[in-house]
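Student: Here it is, the structure, as structure tokens.
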Amino acid sequence: MAGRPLLEVEDLVKHFPLRDGALGRLLPGRRRVVHAVDGVSFTVAAGETLGLVGESGCGKTTTGRLVLRAIDPTSGRIRFAGEDITRLAGRALLPFRRQAQIVFQDPYASLNPRMTVGRMVGEPMLVHGLVGRAEVGERVGALLETVGLLPEHARRFPHELSGGQRQRVGIARALAVGPRLVVADEAVSALDVSVRAQILNLLVDLRERLGLAYLFVSHDLGVIRFVSHRVAVMYLGRLAEVAPTDVLFKRPLHPYTHALMAAIPTVGDGAASIFDEPGRLIEGELPSPIDLPRGCRFKSRCPYRFAPCEDVEPALAPIEAGHAVACHLHAQGGTP
Amino acid sequence: MTVRPDDLPAADVVLDVRDLTVEFLTEEGRVRAVDEVSFQVRRGEVVGLVGESGAGKSLTSEAILRLIRCPPGRLSGQVWFRGRDLLRLSEAELATIRGGEIAMIFQNPGGSLNPVFRVGDQIVEALQLHRPEPRRTLRERTLDILGRVGIPSAAARARDYPHQFSGGMAQRAMIGMGIACVPTLLIADEPTTALDVTIQAQVLALIRRLCRETGVAVLLVSHDLGVISQMCHRVLVMYAGRIVEAASIQRIFHAPAHPYTQALVACLPGAGDRQRLGAIPGTMPGLRALPSGCRFHPRCRLAEARCATEEPRLSRLDDGHLAACHLAGR
């Protein structure tokens, strides 16, 4: 896409310090930290959806929160519409808050049970001074219709709504201030199959109608494939591979991307099961994000591990236009 | 007399559920959460029970082992397992079957292990209940089992407490505990829903392997159609407390007869490069306000006048394929 991307993230790092026990505080030495996000760079263009996929603990949710400045990064840089927002604070953040919003995973926990839908959706508009008290009801009604609810729903409380309806309220609340970027953090993961499809269709419709950009965080590759223009695969705090969606699914390069795709049960012909094929699935589990391995983070589970993987962490390097991978196998001079 | 899902050779049938009904007494009266469900599971077969939340699939699996508190619950129907109706056994008789001939694993592996005992000791205890053998033999058998379910350095890990296990390891330990007594039937209720995909794949591959190697029959409850498709030989689709379709895995995914199954399959992302997913309007009805006639008719794109008045019975389309729809097979 031409022009400057809407969101530019550069070498973003977030380390959460571990709370040491009494002995730990007395002993000298380096404080231990969880390397939740450990040097991540990507961009999202206006109107584009970047899917961020990975397993639990890989740092994808933390990345989404960092981008929104909901938590402060340890280091790195975040630019939004060309402006560096990494160190903005207080009122200086307000214009950014109006342009970047979030939809959460759990439509039960993310809505205040004591507020009506109308108040929840209307409050952001009032806080940002986008409408006067007189017009807010009308605007809320129109917005509820946009997300497939009725204006009458404004008077309801969350407990009166189904899971799908609640998630529509969550989306309406995010859209209330007219954002350009929405971080969708596992936004359909808690929903049943038939309702999930409704919400995915809605998110795609809204993107086309309102020109929204999404950072779509999910562990579900099927969902990611459906909504994303580009996909970033994350493993243990770093990006393993970034590619346009069709390229990634046709020609995944990183062994972890392979492993992830091989492990996903998709509807097959029923004749054979992926779970019966020996050697298809990777062994082992994610290493601890506290004591990171030397060299490549994936090496303990990688079937293609070779000498360079032991000591040198591979950098995310472009293979072709828009397709980058962090793997020695695909680096210059690497032997596959 | 309802139509039986299958009439299989009796020798192969491990579990034969007939008109199983689960009701609850609530302040607003009696509610039927599972309504006259009938099916069979054969030796060496994985049967999937699929549906959305509230369909009654977990209750069905729990009712088989009578894990539902009664009252407020009330179970009726028959659950035949090796010549005995489990619904009519005494608690003491049932206790010898639970964890012995029938093993069960649940969604939350961490919550199913006792946090204050070592994992190895818990498996030894499970073995001891069903096989009175010397403790040393049981210990050896425990290590062997932990190895078989893929726990590395089993001897050391057996001394760990559950909190030292990851979710995947805990679920392996649960499966290990389940198969320790060589069960005839394994009931797995959303066994991998709490796990990551690469770990889920390892655990599911383990269940498939056990089924192949030991001939254990598996009843797998899942909301995930992908998991069902790769794991099962036959599938039962539940909606609002009833089985609406039962068929082989090929039929369910490639020639589904019930409009609900058809719509569910169309909801899946990843099937081709589509711009829109097929979505089903509305949500599953609550049990207190079930629609008249066919329970699916308010959401069904094919509904006719009689669907609103007449409840369709589960009927046979052809060999082993059943559907509860007035329009199926027409």
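Labeling convention for the structure tokens: chains A, B, ... as they appear, residues from 1 per chain, ligands from 1 in order of appearance.
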As a PyMOL selection string, please: all residues of range 115-304 of chain A that backbone DSSP puts in alpha helix (DSSP H).

Tutor: chain A and resi 117-127+133-146+163-175+193-210+221-227+245-250+255-263

Student: Applying 12 Å and only C-alpha atoms, which residues near Pro95 in chain A remain after dropping the ones on its own chain fewer than 5 positions away? List them as number ranges by chain.

Tutor: A: 80-81, 83, 85, 88-90, 100-101, 127-130, 177-180

Student: When the cut-off is 8 Å and we count only C-alpha atoms, which residues of chain A are near chain B, given as a PDB file with N, CA and C atoms, in the first residue's frame?

Tutor:
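Written output follows (part08.pdb):
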ATOM      1  N   GLU A  55       0.698 -18.934  19.947  1.00  0.00           N
ATOM      2  CA  GLU A  55       0.108 -19.696  21.044  1.00  0.00           C
ATOM      3  C   GLU A  55       0.138 -18.880  22.328  1.00  0.00           C
ATOM      4  N   SER A  56      -0.527 -19.388  23.373  1.00  0.00           N
ATOM      5  CA  SER A  56      -0.584 -18.592  24.601  1.00  0.00           C
ATOM      6  C   SER A  56       0.814 -18.358  25.157  1.00  0.00           C
ATOM      7  N   SER A 162     -27.470 -11.898  24.646  1.00  0.00           N
ATOM      8  CA  SER A 162     -26.722 -13.128  24.370  1.00  0.00           C
ATOM      9  C   SER A 162     -25.253 -12.774  24.143  1.00  0.00           C
ATOM     10  N   ASP A 192     -19.606 -19.094  20.058  1.00  0.00           N
ATOM     11  CA  ASP A 192     -19.935 -20.344  19.384  1.00  0.00           C
ATOM     12  C   ASP A 192     -19.784 -20.192  17.875  1.00  0.00           C
ATOM     13  N   VAL A 193     -19.607 -21.335  17.208  1.00  0.00           N
ATOM     14  CA  VAL A 193     -19.312 -21.327  15.775  1.00  0.00           C
ATOM     15  C   VAL A 193     -20.264 -20.444  14.968  1.00  0.00           C
ATOM     16  N   SER A 194     -21.564 -20.611  15.163  1.00  0.00           N
ATOM     17  CA  SER A 194     -22.512 -19.889  14.310  1.00  0.00           C
ATOM     18  C   SER A 194     -22.486 -18.401  14.625  1.00  0.00           C
ATOM     19  N   VAL A 195     -22.290 -18.049  15.897  1.00  0.00           N
ATOM     20  CA  VAL A 195     -22.238 -16.643  16.291  1.00  0.00           C
ATOM     21  C   VAL A 195     -20.901 -16.028  15.870  1.00  0.00           C
ATOM     22  N   ALA A 197     -19.247 -16.708  13.264  1.00  0.00           N
ATOM     23  CA  ALA A 197     -19.338 -16.361  11.848  1.00  0.00           C
ATOM     24  C   ALA A 197     -20.064 -15.034  11.663  1.00  0.00           C
ATOM     25  N   GLN A 198     -21.134 -14.815  12.437  1.00  0.00           N
ATOM     26  CA  GLN A 198     -21.859 -13.539  12.346  1.00  0.00           C
ATOM     27  C   GLN A 198     -20.939 -12.371  12.667  1.00  0.00           C
ATOM     28  N   LEU A 200     -17.594 -12.251  12.689  1.00  0.00           N
ATOM     29  CA  LEU A 200     -16.515 -12.089  11.701  1.00  0.00           C
ATOM     30  C   LEU A 200     -17.026 -11.355  10.467  1.00  0.00           C
ATOM     31  N   ASN A 201     -18.212 -11.738  10.011  1.00  0.00           N
ATOM     32  CA  ASN A 201     -18.798 -11.041   8.861  1.00  0.00           C
ATOM     33  C   ASN A 201     -18.991  -9.563   9.177  1.00  0.00           C
ATOM     34  N   GLY A 222      -7.543 -20.351  11.301  1.00  0.00           N
ATOM     35  CA  GLY A 222      -8.679 -20.300  10.373  1.00  0.00           C
ATOM     36  C   GLY A 222      -9.300 -18.909  10.366  1.00  0.00           C
ATOM     37  N   VAL A 223      -9.494 -18.361  11.557  1.00  0.00           N
ATOM     38  CA  VAL A 223     -10.050 -17.011  11.687  1.00  0.00           C
ATOM     39  C   VAL A 223      -9.080 -15.988  11.090  1.00  0.00           C
ATOM     40  N   ARG A 225      -6.864 -16.394   8.807  1.00  0.00           N
ATOM     41  CA  ARG A 225      -6.832 -16.498   7.356  1.00  0.00           C
ATOM     42  C   ARG A 225      -8.024 -15.786   6.731  1.00  0.00           C
ATOM     43  N   PHE A 226      -9.168 -15.885   7.391  1.00  0.00           N
ATOM     44  CA  PHE A 226     -10.383 -15.272   6.852  1.00  0.00           C
ATOM     45  C   PHE A 226     -10.330 -13.746   6.894  1.00  0.00           C
ATOM     46  N   ALA A 259       4.694 -25.984  11.608  1.00  0.00           N
ATOM     47  CA  ALA A 259       4.226 -26.797  12.724  1.00  0.00           C
ATOM     48  C   ALA A 259       2.826 -26.371  13.147  1.00  0.00           C
ATOM     49  N   LEU A 260       2.622 -25.051  13.179  1.00  0.00           N
ATOM     50  CA  LEU A 260       1.327 -24.521  13.577  1.00  0.00           C
ATOM     51  C   LEU A 260       0.254 -24.976  12.591  1.00  0.00           C
ATOM     52  N   ALA A 263      -0.632 -28.657  12.819  1.00  0.00           N
ATOM     53  CA  ALA A 263      -1.324 -29.076  14.042  1.00  0.00           C
ATOM     54  C   ALA A 263      -2.794 -28.710  14.019  1.00  0.00           C
ATOM     55  N   ILE A 264      -3.195 -27.871  13.066  1.00  0.00           N
ATOM     56  CA  ILE A 264      -4.565 -27.392  13.110  1.00  0.00           C
ATOM     57  C   ILE A 264      -5.510 -28.385  12.477  1.00  0.00           C
ATOM     58  N   PRO A 265      -6.482 -28.849  13.249  1.00  0.00           N
ATOM     59  CA  PRO A 265      -7.422 -29.794  12.667  1.00  0.00           C
ATOM     60  C   PRO A 265      -8.428 -29.050  11.790  1.00  0.00           C
ATOM     61  N   THR A 266      -8.340 -29.251  10.502  1.00  0.00           N
ATOM     62  CA  THR A 266      -9.341 -28.655   9.613  1.00  0.00           C
ATOM     63  C   THR A 266     -10.226 -29.789   9.110  1.00  0.00           C
ATOM     64  N   VAL A 267     -11.358 -29.406   8.560  1.00  0.00           N
ATOM     65  CA  VAL A 267     -12.286 -30.415   8.084  1.00  0.00           C
ATOM     66  C   VAL A 267     -11.691 -31.091   6.858  1.00  0.00           C
ATOM     67  N   GLY A 268     -11.430 -32.372   6.974  1.00  0.00           N
ATOM     68  CA  GLY A 268     -10.822 -33.108   5.873  1.00  0.00           C
ATOM     69  C   GLY A 268     -11.844 -33.976   5.169  1.00  0.00           C
ATOM     70  N   ASP A 269     -11.361 -34.996   4.462  1.00  0.00           N
ATOM     71  CA  ASP A 269     -12.301 -35.852   3.730  1.00  0.00           C
ATOM     72  C   ASP A 269     -12.796 -36.992   4.603  1.00  0.00           C
ATOM     73  N   GLY A 270     -12.287 -37.057   5.834  1.00  0.00           N
ATOM     74  CA  GLY A 270     -12.750 -38.088   6.756  1.00  0.00           C
ATOM     75  C   GLY A 270     -12.082 -39.430   6.537  1.00  0.00           C
ATOM     76  N   ALA A 271     -11.273 -39.531   5.490  1.00  0.00           N
ATOM     77  CA  ALA A 271     -10.654 -40.825   5.188  1.00  0.00           C
ATOM     78  C   ALA A 271      -9.434 -41.056   6.077  1.00  0.00           C
ATOM     79  N   ALA A 272      -8.640 -40.010   6.302  1.00  0.00           N
ATOM     80  CA  ALA A 272      -7.446 -40.146   7.116  1.00  0.00           C
ATOM     81  C   ALA A 272      -7.422 -39.027   8.137  1.00  0.00           C
ATOM     82  N   SER A 273      -6.711 -39.269   9.222  1.00  0.00           N
ATOM     83  CA  SER A 273      -6.620 -38.254  10.271  1.00  0.00           C
ATOM     84  C   SER A 273      -5.205 -37.722  10.352  1.00  0.00           C
ATOM     85  N   ILE A 274      -5.083 -36.398  10.513  1.00  0.00           N
ATOM     86  CA  ILE A 274      -3.742 -35.833  10.680  1.00  0.00           C
ATOM     87  C   ILE A 274      -3.095 -36.351  11.956  1.00  0.00           C
ATOM     88  N   PHE A 275      -3.928 -36.837  12.886  1.00  0.00           N
ATOM     89  CA  PHE A 275      -3.374 -37.295  14.151  1.00  0.00           C
ATOM     90  C   PHE A 275      -2.796 -38.703  14.067  1.00  0.00           C
ATOM     91  N   ASP A 276      -2.978 -39.348  12.922  1.00  0.00           N
ATOM     92  CA  ASP A 276      -2.412 -40.686  12.762  1.00  0.00           C
ATOM     93  C   ASP A 276      -1.072 -40.659  12.038  1.00  0.00           C
ATOM     94  N   LEU A 281       3.627 -33.909  13.695  1.00  0.00           N
ATOM     95  CA  LEU A 281       3.489 -32.914  14.748  1.00  0.00           C
ATOM     96  C   LEU A 281       4.807 -32.664  15.457  1.00  0.00           C
ATOM     97  N   ILE A 282       5.017 -31.409  15.891  1.00  0.00           N
ATOM     98  CA  ILE A 282       6.245 -31.138  16.621  1.00  0.00           C
ATOM     99  C   ILE A 282       6.109 -31.586  18.067  1.00  0.00           C
ATOM    100  N   GLU A 283       7.257 -31.913  18.623  1.00  0.00           N
ATOM    101  CA  GLU A 283       7.307 -32.373  20.001  1.00  0.00           C
ATOM    102  C   GLU A 283       7.536 -31.192  20.935  1.00  0.00           C
ATOM    103  N   GLU A 285       7.261 -28.430  24.296  1.00  0.00           N
ATOM    104  CA  GLU A 285       6.413 -27.303  24.639  1.00  0.00           C
ATOM    105  C   GLU A 285       7.224 -26.024  24.593  1.00  0.00           C
TER     106      GLU A 285
END

Student: Identify, on the basis of only C-alpha atoms, every residue whose closest approach to Ile175 in chain B does not exceed 7 Å; exclude the query and any residue fewer than 4 positions from it along the same chain; express the result as a list in words.

Tutor: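 Using only C-alpha atoms, the neighbours found are Ile105, Gln171 and Ile179 of chain B.
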
Student: Identify, on the basis of only C-alpha atoms, every residue whose closest approach to Cys296 in chain A does not exceed 12 Å; exclude the query and any residue fewer than 3 positions from it along the same chain; express the result as a compact mmCIF listing (two decimals) with C-alpha atoms, in the first residue's frame.

Tutor:
# COMPACT_ATOMS: atom_id res chain seq x y z
CA TYR A 235 6.73 -17.16 18.95
CA LEU A 236 8.06 -16.47 22.42
CA GLY A 237 8.06 -12.68 22.16
CA ARG A 238 9.34 -12.33 18.59
CA LEU A 239 7.96 -12.48 15.09
CA ALA A 240 8.92 -15.68 13.31
CA HIS A 254 9.45 -20.81 9.12
CA PRO A 255 9.44 -24.29 10.68
CA TYR A 256 7.17 -22.95 13.42
CA PRO A 287 10.37 -22.77 26.67
CA LEU A 292 15.25 -17.71 27.19
CA PRO A 293 17.34 -20.19 25.27
CA LYS A 299 15.43 -24.57 18.33
CA SER A 300 14.27 -26.88 21.14
CA ARG A 301 11.27 -27.95 19.05
CA CYS A 302 12.64 -27.50 15.55
CA TYR A 304 15.57 -28.70 11.08
CA ARG A 305 17.90 -27.39 13.78
CA PHE A 306 21.52 -27.02 12.60
CA ALA A 307 24.74 -25.44 13.83
CA PRO A 308 23.96 -21.70 13.48
CA CYS A 309 20.74 -22.09 15.49
CA GLU A 310 22.68 -22.89 18.66
CA ASP A 311 24.26 -19.49 19.28
CA VAL A 312 22.88 -16.88 16.94
CA GLU A 313 19.35 -15.57 17.11
CA PRO A 314 18.07 -15.22 13.53
CA ALA A 315 16.80 -11.75 12.59
CA LEU A 316 13.55 -11.20 10.74
CA ALA A 326 13.47 -15.18 11.06
CA CYS A 327 15.20 -18.48 10.36
CA HIS A 328 18.77 -19.47 9.54
CA LEU A 329 17.50 -22.00 7.00

Student: Would you list the contacts of Ala187 in chain A as a short mmCIF file (atom, residue, chain, number, x, y, z; two decimals) with N, CA and C atoms, in the first residue's frame, taking every protein, DNA or RNA residue within 8 Å and counting only C-alpha atoms, but skipping same-chain residues closer than 4 positions in sequence?

Tutor:
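Saved as around10.cif:
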data_model
loop_
_atom_site.label_atom_id
_atom_site.label_comp_id
_atom_site.auth_asym_id
_atom_site.auth_seq_id
_atom_site.Cartn_x
_atom_site.Cartn_y
_atom_site.Cartn_z
N VAL A 103 -11.31 -4.19 21.00
CA VAL A 103 -12.43 -5.09 21.26
C VAL A 103 -11.84 -6.29 22.00
N PHE A 104 -12.40 -6.61 23.16
CA PHE A 104 -11.84 -7.66 24.00
C PHE A 104 -12.42 -9.04 23.67
N GLN A 105 -11.78 -10.05 24.27
CA GLN A 105 -12.19 -11.43 24.00
C GLN A 105 -13.52 -11.79 24.64
N ASP A 106 -13.64 -11.47 25.92
CA ASP A 106 -14.75 -12.02 26.69
C ASP A 106 -15.89 -11.01 26.78
N GLN A 167 -21.02 -9.05 22.23
CA GLN A 167 -19.82 -8.71 21.47
C GLN A 167 -20.12 -7.58 20.49
N VAL A 217 -5.64 -9.99 16.75
CA VAL A 217 -4.86 -10.93 17.56
C VAL A 217 -5.68 -12.19 17.77
N SER A 218 -5.13 -13.35 17.39
CA SER A 218 -5.88 -14.59 17.57
C SER A 218 -4.95 -15.79 17.59
#

Student: Of the candidates A:Asp205, A:Ala36, A:Leu111, A:Ile71, which shows the shortest atom-to-atom distance to Gly57 in chain A, using only C-alpha atoms?

Tutor: A:Ala36

Student: For CA of Ile199 in chain A and CA of Pro113 in chain A, quote the distance in Å rounded to one decimal.

Tutor: 21.4 Å

Student: Name all residues at most 6 Å from Arg43 in chain B (count only C-alpha atoms; drop same-chain ones fewer than 3 positions away) and give them as a PyMOL selection string.

Tutor: chain B and resi 12+14+215+217

Student: Using N, CA and C atoms, can you write the selected residues to a file as a compact mmCIF listing (two decimals), in the first residue's frame?

Tutor:
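This is the output file part.txt:
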# COMPACT_ATOMS: atom_id res chain seq x y z
N ASP B 12 -20.08 -55.92 19.27
CA ASP B 12 -19.19 -54.77 19.13
C ASP B 12 -19.60 -53.59 19.98
N VAL B 14 -20.18 -51.23 22.82
CA VAL B 14 -19.66 -51.06 24.16
C VAL B 14 -20.67 -50.28 25.01
N GLY B 215 -8.01 -50.60 21.43
CA GLY B 215 -9.39 -50.87 21.08
C GLY B 215 -10.39 -50.17 21.97
N ALA B 217 -13.08 -47.74 23.21
CA ALA B 217 -14.08 -46.92 22.53
C ALA B 217 -14.02 -45.52 23.12

Student: Using only C-alpha atoms, which residue out of B:Pro312, B:Pro291, B:Gly286, B:Gly111 lies closest to His258 in chain B?

Tutor: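 The closest residue to His258 in chain B is B:Pro312.
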